[in-house]
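**Q** See query-v6.pdb below, with PDB, C-alpha atoms and all ligand atoms.
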```
ATOM      1  CA  MET A   1      46.741 -20.947  -9.344
ATOM      2  CA  ASN A   2      43.340 -19.682  -8.162
ATOM      3  CA  TYR A   3      42.922 -17.559  -5.037
ATOM      4  CA  GLU A   4      39.879 -17.825  -2.832
ATOM      5  CA  TYR A   5      38.333 -14.613  -1.527
ATOM      6  CA  GLU A   6      37.301 -14.611   2.136
ATOM      7  CA  LEU A   7      35.577 -11.960   4.215
ATOM      8  CA  SER A   8      37.768 -10.471   6.943
ATOM      9  CA  GLY A   9      35.594 -11.812   9.807
ATOM     10  CA  LYS A  10      35.108  -8.369  11.366
ATOM     11  CA  PRO A  11      31.729  -7.802  13.065
ATOM     12  CA  GLY A  12      31.399  -4.193  11.839
ATOM     13  CA  ASN A  13      28.621  -2.335  13.657
ATOM     14  CA  ILE A  14      26.329  -5.351  13.952
ATOM     15  CA  TYR A  15      26.039  -5.134  17.762
ATOM     16  CA  SER A  16      25.473  -1.356  17.875
ATOM     17  CA  LEU A  17      23.928   0.161  14.753
ATOM     18  CA  GLY A  18      22.776  -3.274  13.579
ATOM     19  CA  LEU A  19      20.939  -4.150  16.778
ATOM     20  CA  LEU A  20      19.361  -0.680  17.077
ATOM     21  CA  ALA A  21      18.196  -0.678  13.452
ATOM     22  CA  GLY A  22      17.133  -4.324  13.765
ATOM     23  CA  ILE A  23      15.003  -3.663  16.861
ATOM     24  CA  LEU A  24      13.379  -0.617  15.233
ATOM     25  CA  LEU A  25      12.671  -2.433  11.973
ATOM     26  CA  THR A  26      11.470  -5.617  13.687
ATOM     27  CA  SER A  27       9.157  -3.563  15.933
ATOM     28  CA  ILE A  28       7.504  -1.961  12.896
ATOM     29  CA  ILE A  29       7.201  -5.272  11.033
ATOM     30  CA  THR A  30       5.852  -7.047  14.128
ATOM     31  CA  ALA A  31       3.324  -4.286  14.858
ATOM     32  CA  ALA A  32       1.989  -4.640  11.283
ATOM     33  CA  TYR A  33       1.825  -8.434  11.718
ATOM     34  CA  THR A  34      -0.089  -8.056  15.012
ATOM     35  CA  LEU A  35      -2.622  -5.726  13.332
ATOM     36  CA  LEU A  36      -3.052  -8.229  10.489
ATOM     37  CA  ASN A  37      -3.671 -11.017  12.998
ATOM     38  CA  MET A  38      -6.591  -9.075  14.486
ATOM     39  CA  LEU A  39      -8.569  -9.695  11.279
ATOM     40  CA  PRO A  40     -11.005 -12.598  11.753
ATOM     41  CA  PHE A  41      -9.796 -14.757   8.860
ATOM     42  CA  VAL A  42      -7.676 -17.882   9.286
ATOM     43  CA  TYR A  43      -6.228 -17.686   5.764
ATOM     44  CA  VAL A  44      -5.206 -14.044   6.319
ATOM     45  CA  SER A  45      -3.354 -15.143   9.497
ATOM     46  CA  ILE A  46      -1.527 -17.938   7.646
ATOM     47  CA  ILE A  47      -0.601 -15.797   4.620
ATOM     48  CA  GLY A  48       0.316 -12.945   7.002
ATOM     49  CA  TRP A  49       2.615 -15.260   8.978
ATOM     50  CA  VAL A  50       4.406 -16.471   5.820
ATOM     51  CA  PHE A  51       4.787 -12.867   4.591
ATOM     52  CA  TYR A  52       6.004 -11.793   8.051
ATOM     53  CA  LEU A  53       8.695 -14.507   7.962
ATOM     54  CA  TRP A  54       9.725 -13.445   4.437
ATOM     55  CA  VAL A  55      10.099  -9.805   5.530
ATOM     56  CA  LEU A  56      11.997 -10.819   8.700
ATOM     57  CA  TYR A  57      14.392 -12.944   6.635
ATOM     58  CA  HIS A  58      15.159 -10.123   4.205
ATOM     59  CA  SER A  59      15.475  -7.548   6.978
ATOM     60  CA  GLN A  60      18.422  -9.589   8.371
ATOM     61  CA  HIS A  61      20.210  -9.264   5.020
ATOM     62  CA  TRP A  62      19.609  -5.545   4.903
ATOM     63  CA  ILE A  63      20.800  -4.955   8.482
ATOM     64  CA  VAL A  64      23.963  -7.074   8.046
ATOM     65  CA  ARG A  65      24.785  -5.107   4.901
ATOM     66  CA  LEU A  66      23.983  -1.766   6.554
ATOM     67  CA  SER A  67      26.172  -2.525   9.570
ATOM     68  CA  LYS A  68      29.019  -3.831   7.374
ATOM     69  CA  CYS A  69      29.294  -7.132   9.245
ATOM     70  CA  ARG A  70      31.870  -9.312   7.468
ATOM     71  CA  SER A  71      31.584 -12.393   9.638
ATOM     72  CA  LYS A  72      29.296 -15.373   9.111
ATOM     73  CA  ASP A  73      29.468 -16.255  12.827
ATOM     74  CA  HIS A  74      28.614 -12.744  13.983
ATOM     75  CA  SER A  75      25.800 -12.375  11.456
ATOM     76  CA  LEU A  76      24.397 -15.730  12.633
ATOM     77  CA  THR A  77      24.638 -14.617  16.287
ATOM     78  CA  TYR A  78      22.927 -11.347  15.385
ATOM     79  CA  GLY A  79      20.174 -13.291  13.571
ATOM     80  CA  MET A  80      19.576 -15.507  16.629
ATOM     81  CA  ILE A  81      19.439 -12.481  18.971
ATOM     82  CA  MET A  82      16.951 -10.774  16.641
ATOM     83  CA  GLY A  83      14.883 -13.967  16.527
ATOM     84  CA  VAL A  84      14.487 -13.910  20.324
ATOM     85  CA  ILE A  85      13.726 -10.165  20.253
ATOM     86  CA  ALA A  86      11.151 -10.638  17.468
ATOM     87  CA  LEU A  87       9.475 -13.385  19.502
ATOM     88  CA  TYR A  88       9.407 -11.209  22.611
ATOM     89  CA  LEU A  89       7.983  -8.253  20.637
ATOM     90  CA  ASN A  90       5.340 -10.561  19.188
ATOM     91  CA  TRP A  91       4.122 -11.483  22.636
ATOM     92  CA  ALA A  92       4.240  -7.894  23.899
ATOM     93  CA  PHE A  93       2.231  -6.601  20.922
ATOM     94  CA  PHE A  94      -0.198  -9.519  21.098
ATOM     95  CA  SER A  95      -0.753  -8.966  24.843
ATOM     96  CA  TYR A  96      -1.233  -5.250  24.239
ATOM     97  CA  SER A  97      -3.844  -5.922  21.530
ATOM     98  CA  MET A  98      -5.651  -8.422  23.809
ATOM     99  CA  PHE A  99      -5.814  -5.927  26.687
ATOM    100  CA  SER A 100      -6.884  -3.091  24.396
ATOM    101  CA  ARG A 101      -9.661  -5.137  22.801
ATOM    102  CA  ASN A 102     -11.000  -6.046  26.235
ATOM    103  CA  GLY A 103     -10.849  -2.465  27.533
ATOM    104  CA  ILE A 104      -8.036  -3.165  30.018
ATOM    105  CA  GLU A 105      -5.708  -0.218  30.486
ATOM    106  CA  CYS A 106      -2.045  -0.890  29.905
ATOM    107  CA  THR A 107       0.963   0.517  28.109
ATOM    108  CA  LEU A 108       3.180  -1.249  25.618
ATOM    109  CA  PHE A 109       6.254  -0.200  27.589
ATOM    110  CA  GLY A 110       4.688  -1.613  30.782
ATOM    111  CA  LEU A 111       4.229  -4.967  29.040
ATOM    112  CA  LEU A 112       7.718  -4.961  27.544
ATOM    113  CA  ILE A 113       9.317  -4.687  30.979
ATOM    114  CA  ASN A 114       6.958  -7.233  32.569
ATOM    115  CA  PRO A 115       7.389 -10.605  30.890
ATOM    116  CA  GLY A 116       5.385 -12.169  33.751
ATOM    117  CA  THR A 117       2.243 -10.363  32.511
ATOM    118  CA  MET A 118       2.765 -11.838  29.057
ATOM    119  CA  LEU A 119       3.007 -15.324  30.569
ATOM    120  CA  ASP A 120      -0.307 -14.645  32.358
ATOM    121  CA  VAL A 121      -1.850 -13.608  29.024
ATOM    122  CA  MET A 122      -0.529 -16.828  27.457
ATOM    123  CA  GLN A 123      -2.071 -18.894  30.248
ATOM    124  CA  PHE A 124      -5.382 -17.035  30.083
ATOM    125  CA  VAL A 125      -5.733 -17.272  26.295
ATOM    126  CA  SER A 126      -4.767 -20.933  26.352
ATOM    127  CA  ASN A 127      -7.536 -21.689  28.870
ATOM    128  CA  ALA A 128     -10.206 -19.395  27.429
ATOM    129  CA  GLY A 129      -9.432 -20.168  23.763
ATOM    130  CA  TYR A 130      -8.393 -17.932  20.895
ATOM    131  CA  GLU A 131     -10.892 -17.253  18.140
ATOM    132  CA  VAL A 132      -9.845 -16.804  14.523
ATOM    133  CA  GLY A 133     -12.946 -16.441  12.352
ATOM    134  CA  SER A 134     -15.197 -19.424  13.045
ATOM    135  CA  LEU A 135     -12.384 -21.472  14.621
ATOM    136  CA  THR A 136     -11.412 -21.549  18.300
ATOM    137  CA  PHE A 137      -8.042 -22.847  19.419
ATOM    138  CA  ASN A 138      -7.128 -23.645  23.021
ATOM    139  CA  ASP A 139      -4.815 -25.767  25.182
ATOM    140  CA  GLY A 140      -2.676 -28.261  23.201
ATOM    141  CA  PRO A 141      -3.639 -27.234  19.626
ATOM    142  CA  LEU A 142      -3.120 -23.564  20.472
ATOM    143  CA  VAL A 143       0.260 -24.278  22.071
ATOM    144  CA  ILE A 144       1.274 -26.235  18.945
ATOM    145  CA  CYS A 145       0.270 -23.236  16.774
ATOM    146  CA  TRP A 146       2.357 -20.952  18.988
ATOM    147  CA  LEU A 147       5.344 -23.316  18.846
ATOM    148  CA  ILE A 148       5.153 -23.470  15.027
ATOM    149  CA  GLU A 149       4.869 -19.682  14.890
ATOM    150  CA  ALA A 150       7.819 -19.229  17.313
ATOM    151  CA  GLY A 151       9.940 -21.852  15.534
ATOM    152  CA  GLY A 152       9.392 -20.113  12.202
ATOM    153  CA  ILE A 153      10.385 -16.722  13.605
ATOM    154  CA  LEU A 154      13.549 -18.028  15.292
ATOM    155  CA  ALA A 155      14.527 -20.105  12.255
ATOM    156  CA  VAL A 156      14.168 -17.382   9.609
ATOM    157  CA  CYS A 157      16.007 -14.804  11.717
ATOM    158  CA  ALA A 158      18.912 -17.194  12.385
ATOM    159  CA  TYR A 159      18.943 -18.483   8.800
ATOM    160  CA  GLY A 160      18.630 -14.945   7.395
ATOM    161  CA  GLY A 161      21.586 -13.876   9.538
ATOM    162  CA  SER A 162      23.754 -16.858   8.611
ATOM    163  CA  LYS A 163      23.045 -16.459   4.872
ATOM    164  CA  ALA A 164      23.529 -12.689   4.840
ATOM    165  CA  THR A 165      27.283 -12.851   4.239
ATOM    166  CA  HIS A 166      27.180 -15.856   1.887
ATOM    167  CA  LYS A 167      29.274 -15.083  -1.207
ATOM    168  CA  LYS A 168      29.314 -11.354  -0.417
ATOM    169  CA  VAL A 169      32.461  -9.315  -1.092
ATOM    170  CA  PHE A 170      33.704  -6.373   0.969
ATOM    171  CA  CYS A 171      36.601  -4.071   0.093
ATOM    172  CA  GLU A 172      38.496  -3.445   3.348
ATOM    173  CA  ASP A 173      40.523  -0.615   1.764
ATOM    174  CA  CYS A 174      37.412   1.370   0.809
ATOM    175  CA  ASN A 175      35.158   0.107   3.638
ATOM    176  CA  ASN A 176      32.266  -0.821   1.373
ATOM    177  CA  TRP A 177      30.536  -3.794  -0.239
ATOM    178  CA  THR A 178      31.449  -4.383  -3.842
ATOM    179  CA  ASP A 179      28.999  -4.339  -6.740
ATOM    180  CA  LYS A 180      28.178  -7.130  -9.114
ATOM    181  CA  ILE A 181      28.992  -6.288 -12.709
ATOM    182  CA  ASP A 182      25.892  -6.564 -14.825
ATOM    183  CA  THR A 183      27.176  -8.784 -17.587
ATOM    184  CA  TYR A 184      25.928 -11.648 -19.732
ATOM    185  CA  SER A 185      28.660 -14.223 -19.274
ATOM    186  CA  ARG A 186      27.390 -17.702 -19.930
ATOM    187  CA  ARG A 187      29.760 -20.390 -21.085
ATOM    188  CA  GLN A 188      29.166 -23.998 -22.016
ATOM    189  CA  CYS A 189      30.022 -26.378 -19.203
ATOM    190  CA  PRO A 190      33.109 -28.517 -19.962
ATOM    191  CA  ASN A 191      33.496 -32.133 -18.878
ATOM    192  CA  SER A 192      34.086 -32.741 -15.168
ATOM    193  CA  GLU A 193      37.873 -33.097 -15.543
ATOM    194  CA  GLU A 194      38.200 -29.759 -17.341
ATOM    195  CA  LEU A 195      35.765 -28.120 -14.941
ATOM    196  CA  ASP A 196      37.812 -29.295 -11.928
ATOM    197  CA  LYS A 197      40.948 -27.894 -13.529
ATOM    198  CA  ILE A 198      39.225 -24.531 -14.020
ATOM    199  CA  LEU A 199      37.771 -24.465 -10.499
ATOM    200  CA  TRP A 200      40.874 -25.509  -8.589
ATOM    201  CA  GLU A 201      43.812 -24.566 -10.806
ATOM    202  CA  ASP A 202      43.302 -21.976 -13.522
ATOM    203  CA  LEU A 203      40.222 -19.810 -13.997
ATOM    204  CA  SER A 204      41.522 -18.445 -17.291
ATOM    205  CA  GLY A 205      40.250 -21.693 -18.840
ATOM    206  CA  LEU A 206      36.811 -20.070 -18.675
ATOM    207  CA  ILE A 207      37.745 -17.576 -21.374
ATOM    208  CA  VAL A 208      38.138 -20.205 -24.100
ATOM    209  CA  LEU A 209      34.878 -22.017 -23.375
ATOM    210  CA  PRO A 210      32.240 -21.628 -26.119
ATOM    211  CA  VAL A 211      29.440 -19.187 -25.390
ATOM    212  CA  ALA A 212      26.198 -20.670 -24.085
ATOM    213  CA  THR A 213      22.685 -19.466 -24.769
ATOM    214  CA  PRO A 214      20.255 -19.123 -21.832
ATOM    215  CA  ASP A 215      18.351 -22.206 -22.980
ATOM    216  CA  ASP A 216      21.388 -24.494 -23.021
ATOM    217  CA  PRO A 217      20.285 -27.223 -20.614
ATOM    218  CA  TYR A 218      23.478 -27.160 -18.580
ATOM    219  CA  HIS A 219      25.913 -24.232 -18.559
ATOM    220  CA  LEU A 220      28.074 -21.930 -16.444
ATOM    221  CA  LYS A 221      27.183 -18.379 -15.481
ATOM    222  CA  LEU A 222      30.062 -16.077 -14.551
ATOM    223  CA  ASN A 223      29.308 -13.412 -11.933
ATOM    224  CA  PRO A 224      32.188 -10.933 -11.641
ATOM    225  CA  SER A 225      32.137  -8.143  -9.059
ATOM    226  CA  ILE A 226      34.282  -5.089  -8.531
ATOM    227  CA  CYS A 227      34.988  -2.342  -6.010
ATOM    228  CA  TYR A 228      34.241   0.728  -8.110
ATOM    229  CA  ARG A 229      35.937   3.046  -5.597
ATOM    230  CA  CYS A 230      39.470   1.681  -5.924
ATOM    231  CA  ASN A 231      39.097  -0.591  -8.990
ATOM    232  CA  ASN A 232      41.558  -2.878  -7.220
ATOM    233  CA  LEU A 233      39.360  -5.652  -5.905
ATOM    234  CA  HIS A 234      37.914  -8.009  -8.517
ATOM    235  CA  THR A 235      36.157 -11.249  -7.659
ATOM    236  CA  LEU A 236      34.379 -13.978  -9.558
ATOM    237  CA  ASP A 237      31.590 -16.287  -8.504
ATOM    238  CA  LEU A 238      30.373 -19.201 -10.634
ATOM    239  CA  ASN A 239      26.941 -20.736 -10.943
ATOM    240  CA  LEU A 240      25.855 -23.898 -12.671
ATOM    241  CA  ILE A 241      22.622 -23.229 -14.567
ATOM    242  CA  TYR A 242      20.147 -25.990 -15.347
ATOM    243  CA  TYR A 243      16.418 -26.307 -16.002
ATOM    244  CA  GLU A 244      13.608 -28.113 -14.220
ATOM    245  CA  HIS A 245       9.886 -28.402 -14.792
ATOM    246  CA  ASP A 246       7.851 -26.768 -12.021
ATOM    247  CA  HIS A 247       4.501 -28.088 -10.713
ATOM    248  CA  LYS A 248       2.705 -26.399 -13.646
ATOM    249  CA  GLY A 249       4.969 -28.203 -16.112
ATOM    250  CA  GLU A 250       6.787 -24.994 -17.095
ATOM    251  CA  LEU A 251      10.544 -25.031 -17.546
ATOM    252  CA  LYS A 252      12.282 -22.929 -14.863
ATOM    253  CA  GLU A 253      15.908 -21.847 -14.671
ATOM    254  CA  LYS A 254      17.721 -23.144 -11.582
ATOM    255  CA  SER A 255      21.064 -22.060 -10.260
ATOM    256  CA  GLU A 256      23.601 -23.887  -8.123
ATOM    257  CA  ASP A 257      26.712 -22.380  -6.529
ATOM    258  CA  ILE A 258      29.925 -24.037  -7.561
ATOM    259  CA  GLY A 259      33.352 -23.300  -6.104
ATOM    260  CA  PRO A 260      34.188 -20.475  -3.705
ATOM    261  CA  VAL A 261      34.299 -16.751  -4.497
ATOM    262  CA  TYR A 262      37.617 -16.179  -6.291
ATOM    263  CA  LYS A 263      39.848 -13.161  -6.122
ATOM    264  CA  ILE A 264      40.945 -12.439  -9.698
ATOM    265  CA  ASP A 265      43.359  -9.983 -11.257
ATOM    266  CA  ASP A 266      42.370  -7.000 -13.354
ATOM    267  CA  GLN A 267      43.405  -8.671 -16.615
ATOM    268  CA  LEU A 268      41.151 -11.698 -16.115
ATOM    269  CA  ALA A 269      38.328  -9.438 -14.880
ATOM    270  CA  GLN A 270      38.505  -7.373 -18.086
ATOM    271  CA  GLN A 271      38.571 -10.528 -20.224
ATOM    272  CA  ILE A 272      35.458 -11.825 -18.458
ATOM    273  CA  ILE A 273      33.644  -8.510 -18.844
ATOM    274  CA  LYS A 274      34.458  -8.534 -22.587
ATOM    275  CA  LEU A 275      32.935 -12.012 -22.969
ATOM    276  CA  ASN A 276      29.487 -10.459 -23.481
TER
HETATM  277 ZN    ZN B 301      38.011  -0.688  -2.905
END
```
Written as structure tokens, that's how I'd like the structure from this file.
Ligand SMILES: [Zn+2]

**A**
Amino acid sequence: MNYEYELSGKPGNIYSLGLLAGILLTSIITAAYTLLNMLPFVYVSIIGWVFYLWVLYHSQHWIVRLSKCRSKDHSLTYGMIMGVIALYLNWAFFSYSMFSRNGIECTLFGLLINPGTMLDVMQFVSNAGYEVGSLTFNDGPLVICWLIEAGGILAVCAYGGSKATHKKVFCEDCNNWTDKIDTYSRRQCPNSEELDKILWEDLSGLIVLPVATPDDPYHLKLNPSICYRCNNLHTLDLNLIYYEHDHKGELKEKSEDIGPVYKIDDQLAQQIIKLN
């Protein structure tokens, strides 16, 4: 009988340490993004936006891990809150850069506590037009650009938060995340009937499967993890590995999650580690 591992659902410090660290980190990332956007090149703005979203997404993972949040719902809520904060900081920094460039005295703090001023800036820029290199955006097209930008920020923060606890393992006894064991455990994939039996009844069936090489077109990868502090918590996650040609025609390894994260006993964990 297999046992599924589930996180405890505790929020950890996500609404204290997590929010503080998240606001600090997002402020730094957003300030860098605002500076990048002041360069007069459209392609720099687009690449900068994509890179900004990538950094925002990964910062959610880091903060959830740092604050030891063991709940998918709480990490999603945190991600959504940070999305709104990131959007607000974007507008504050943008307004500050607009005022500074036009020689208008203001403070960043003054803007942060006056959202009405930011709305005025939005209205003004929309009417006057916003220049990026040789292009000028105003009214509808500019609003569409802002909506795409805002949608991206909100989406990656929420998605980053919701994915942050996916298939992660936390040892409640030792109060820490567990570590993946660096092992080469690839086994040939059995037929669907045998695979179902392994996934839902008895994981020890994995041990007798023939070894697979990385270039086998279709095989299983075993990802055991352990709490090194107590050596009591062992888990196993399984991936189905297959290959696809990318747009350049090169063969790329792809990975698909199968089954839940399993809690396994020490004996099975040692057998899996020895499969190398
Ligand atoms: Zn432990």

**Q** Starting from the displayed file, determine the output of the PyMOL selection byres (((chain A and resi 97-99) around 10) and not hetatm) and express the residue list as a PyMOL selection string.

**A** chain A and resi 31+34-35+37-38+91-96+100-108+121+125

**Q** Quick one: which residues end up in the PyMOL selection byres (((not hetatm)) within 7 of (chain B and resi 301)) for this structure, as a list in words?

**A**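 Output of the PyMOL selection byres (((not hetatm)) within 7 of (chain B and resi 301)): Cys171, Glu172, Asp173, Cys174, Cys227, Tyr228, Arg229, Cys230, Asn231, Asn232 and Leu233 of chain A.
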
**Q** Which residues are close to Lys180 of chain A, i.e. within 8 Å by only C-alpha atoms, leaving aside same-chain residues fewer than 3 positions away? Reply as an mmCIF file with C-alpha atoms, in the coordinates of the input.

**A**
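Written out: out.cif:
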```cif
data_model
loop_
_atom_site.group_PDB
_atom_site.id
_atom_site.type_symbol
_atom_site.label_atom_id
_atom_site.label_comp_id
_atom_site.auth_asym_id
_atom_site.auth_seq_id
_atom_site.Cartn_x
_atom_site.Cartn_y
_atom_site.Cartn_z
ATOM 1 C CA ASN A 223 29.308 -13.412 -11.933
ATOM 2 C CA PRO A 224 32.188 -10.933 -11.641
ATOM 3 C CA SER A 225 32.137 -8.143 -9.059
ATOM 4 C CA ILE A 226 34.282 -5.089 -8.531
#
```

**Q** How big is the axis-aligned box around all listed atoms of segment 23-30 of chain A once 8 Å goes on each side, and where's its centre, in Å to one decimal, as lines of an AutoDock Vina configuration file?

**A**
```
center_x = 10.4
center_y = -3.8
center_z = 13.9
size_x = 25.2
size_y = 22.4
size_z = 21.8
```

**Q** Could you state the separation of atom CA of His74 of chain A and atom CA of Gly22 of chain A in Å, given to one decimal place?

**A**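 Taking atom CA of His74 of chain A and atom CA of Gly22 of chain A, their separation equals 14.2 Å.
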
**Q** So which residues get picked by the PyMOL selection byres (((chain A and resi 51) around 12) and not hetatm) here, written as a PDB file with C-alpha atoms, keeping the file's coordinate frame?

**A**
```pdb
ATOM      1  CA  ILE A  29       7.201  -5.272  11.033  1.00  0.00           C
ATOM      2  CA  THR A  30       5.852  -7.047  14.128  1.00  0.00           C
ATOM      3  CA  ALA A  32       1.989  -4.640  11.283  1.00  0.00           C
ATOM      4  CA  TYR A  33       1.825  -8.434  11.718  1.00  0.00           C
ATOM      5  CA  LEU A  36      -3.052  -8.229  10.489  1.00  0.00           C
ATOM      6  CA  VAL A  44      -5.206 -14.044   6.319  1.00  0.00           C
ATOM      7  CA  SER A  45      -3.354 -15.143   9.497  1.00  0.00           C
ATOM      8  CA  ILE A  46      -1.527 -17.938   7.646  1.00  0.00           C
ATOM      9  CA  ILE A  47      -0.601 -15.797   4.620  1.00  0.00           C
ATOM     10  CA  GLY A  48       0.316 -12.945   7.002  1.00  0.00           C
ATOM     11  CA  TRP A  49       2.615 -15.260   8.978  1.00  0.00           C
ATOM     12  CA  VAL A  50       4.406 -16.471   5.820  1.00  0.00           C
ATOM     13  CA  TYR A  52       6.004 -11.793   8.051  1.00  0.00           C
ATOM     14  CA  LEU A  53       8.695 -14.507   7.962  1.00  0.00           C
ATOM     15  CA  TRP A  54       9.725 -13.445   4.437  1.00  0.00           C
ATOM     16  CA  VAL A  55      10.099  -9.805   5.530  1.00  0.00           C
ATOM     17  CA  LEU A  56      11.997 -10.819   8.700  1.00  0.00           C
ATOM     18  CA  TYR A  57      14.392 -12.944   6.635  1.00  0.00           C
ATOM     19  CA  HIS A  58      15.159 -10.123   4.205  1.00  0.00           C
ATOM     20  CA  GLY A 152       9.392 -20.113  12.202  1.00  0.00           C
ATOM     21  CA  ILE A 153      10.385 -16.722  13.605  1.00  0.00           C
ATOM     22  CA  VAL A 156      14.168 -17.382   9.609  1.00  0.00           C
TER      23      VAL A 156
END
```

**Q** Need the shell around Asp237 of chain A: protein/DNA/RNA residues with any atom at most 9 Å away, counting all atoms listed in the file. Skip same-chain ones fewer than 2 positions apart. Format as number ranges by chain?

**A** A: 167, 221-225, 235, 239, 257-262

**Q** Can I get the selection written as a CSV table (one decimal), keeping the file's coordinate frame, with C-alpha atoms?

**A**
```csv
chain,number,residue,atom,x,y,z
A,167,LYS,CA,29.3,-15.1,-1.2
A,221,LYS,CA,27.2,-18.4,-15.5
A,222,LEU,CA,30.1,-16.1,-14.6
A,223,ASN,CA,29.3,-13.4,-11.9
A,224,PRO,CA,32.2,-10.9,-11.6
A,225,SER,CA,32.1,-8.1,-9.1
A,235,THR,CA,36.2,-11.2,-7.7
A,239,ASN,CA,26.9,-20.7,-10.9
A,257,ASP,CA,26.7,-22.4,-6.5
A,258,ILE,CA,29.9,-24.0,-7.6
A,259,GLY,CA,33.4,-23.3,-6.1
A,260,PRO,CA,34.2,-20.5,-3.7
A,261,VAL,CA,34.3,-16.8,-4.5
A,262,TYR,CA,37.6,-16.2,-6.3
```

**Q** Output segment 209-229 of chain A with N, CA and C atoms present, as a PDB file, in the coordinates of the input.

**A**
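Written output follows (selection25.pdb):
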```pdb
ATOM      1  N   LEU A 209      36.077 -21.175 -23.243  1.00  0.00           N
ATOM      2  CA  LEU A 209      34.878 -22.017 -23.375  1.00  0.00           C
ATOM      3  C   LEU A 209      33.904 -21.383 -24.363  1.00  0.00           C
ATOM      4  N   PRO A 210      33.217 -22.195 -25.172  1.00  0.00           N
ATOM      5  CA  PRO A 210      32.240 -21.628 -26.119  1.00  0.00           C
ATOM      6  C   PRO A 210      31.087 -20.945 -25.390  1.00  0.00           C
ATOM      7  N   VAL A 211      30.541 -19.911 -26.007  1.00  0.00           N
ATOM      8  CA  VAL A 211      29.440 -19.187 -25.390  1.00  0.00           C
ATOM      9  C   VAL A 211      28.200 -20.083 -25.300  1.00  0.00           C
ATOM     10  N   ALA A 212      27.434 -19.890 -24.246  1.00  0.00           N
ATOM     11  CA  ALA A 212      26.198 -20.670 -24.085  1.00  0.00           C
ATOM     12  C   ALA A 212      25.006 -19.733 -24.232  1.00  0.00           C
ATOM     13  N   THR A 213      23.911 -20.261 -24.720  1.00  0.00           N
ATOM     14  CA  THR A 213      22.685 -19.466 -24.769  1.00  0.00           C
ATOM     15  C   THR A 213      21.897 -19.785 -23.496  1.00  0.00           C
ATOM     16  N   PRO A 214      20.973 -18.886 -23.091  1.00  0.00           N
ATOM     17  CA  PRO A 214      20.255 -19.123 -21.832  1.00  0.00           C
ATOM     18  C   PRO A 214      19.497 -20.440 -21.808  1.00  0.00           C
ATOM     19  N   ASP A 215      19.120 -20.958 -23.007  1.00  0.00           N
ATOM     20  CA  ASP A 215      18.351 -22.206 -22.980  1.00  0.00           C
ATOM     21  C   ASP A 215      19.217 -23.459 -23.127  1.00  0.00           C
ATOM     22  N   ASP A 216      20.539 -23.295 -23.093  1.00  0.00           N
ATOM     23  CA  ASP A 216      21.388 -24.494 -23.021  1.00  0.00           C
ATOM     24  C   ASP A 216      21.054 -25.219 -21.719  1.00  0.00           C
ATOM     25  N   PRO A 217      20.811 -26.539 -21.798  1.00  0.00           N
ATOM     26  CA  PRO A 217      20.285 -27.223 -20.614  1.00  0.00           C
ATOM     27  C   PRO A 217      21.226 -27.201 -19.406  1.00  0.00           C
ATOM     28  N   TYR A 218      22.503 -26.987 -19.656  1.00  0.00           N
ATOM     29  CA  TYR A 218      23.478 -27.160 -18.580  1.00  0.00           C
ATOM     30  C   TYR A 218      24.662 -26.258 -18.901  1.00  0.00           C
ATOM     31  N   HIS A 219      24.793 -25.128 -18.221  1.00  0.00           N
ATOM     32  CA  HIS A 219      25.913 -24.232 -18.559  1.00  0.00           C
ATOM     33  C   HIS A 219      26.391 -23.434 -17.351  1.00  0.00           C
ATOM     34  N   LEU A 220      27.492 -22.703 -17.537  1.00  0.00           N
ATOM     35  CA  LEU A 220      28.074 -21.930 -16.444  1.00  0.00           C
ATOM     36  C   LEU A 220      27.699 -20.464 -16.591  1.00  0.00           C
ATOM     37  N   LYS A 221      27.422 -19.822 -15.461  1.00  0.00           N
ATOM     38  CA  LYS A 221      27.183 -18.379 -15.481  1.00  0.00           C
ATOM     39  C   LYS A 221      28.282 -17.727 -14.645  1.00  0.00           C
ATOM     40  N   LEU A 222      28.947 -16.743 -15.230  1.00  0.00           N
ATOM     41  CA  LEU A 222      30.062 -16.077 -14.551  1.00  0.00           C
ATOM     42  C   LEU A 222      29.557 -14.778 -13.925  1.00  0.00           C
ATOM     43  N   ASN A 223      29.792 -14.607 -12.628  1.00  0.00           N
ATOM     44  CA  ASN A 223      29.308 -13.412 -11.933  1.00  0.00           C
ATOM     45  C   ASN A 223      30.490 -12.622 -11.357  1.00  0.00           C
ATOM     46  N   PRO A 224      31.074 -11.738 -12.165  1.00  0.00           N
ATOM     47  CA  PRO A 224      32.188 -10.933 -11.641  1.00  0.00           C
ATOM     48  C   PRO A 224      31.663  -9.786 -10.780  1.00  0.00           C
ATOM     49  N   SER A 225      32.488  -9.350  -9.828  1.00  0.00           N
ATOM     50  CA  SER A 225      32.137  -8.143  -9.059  1.00  0.00           C
ATOM     51  C   SER A 225      33.392  -7.293  -8.894  1.00  0.00           C
ATOM     52  N   ILE A 226      33.167  -6.036  -8.584  1.00  0.00           N
ATOM     53  CA  ILE A 226      34.282  -5.089  -8.531  1.00  0.00           C
ATOM     54  C   ILE A 226      34.035  -4.055  -7.439  1.00  0.00           C
ATOM     55  N   CYS A 227      35.110  -3.519  -6.871  1.00  0.00           N
ATOM     56  CA  CYS A 227      34.988  -2.342  -6.010  1.00  0.00           C
ATOM     57  C   CYS A 227      35.214  -1.140  -6.922  1.00  0.00           C
ATOM     58  N   TYR A 228      34.148  -0.396  -7.178  1.00  0.00           N
ATOM     59  CA  TYR A 228      34.241   0.728  -8.110  1.00  0.00           C
ATOM     60  C   TYR A 228      35.009   1.911  -7.525  1.00  0.00           C
ATOM     61  N   ARG A 229      35.219   1.906  -6.197  1.00  0.00           N
ATOM     62  CA  ARG A 229      35.937   3.046  -5.597  1.00  0.00           C
ATOM     63  C   ARG A 229      37.433   2.979  -5.895  1.00  0.00           C
TER      64      ARG A 229
END
```
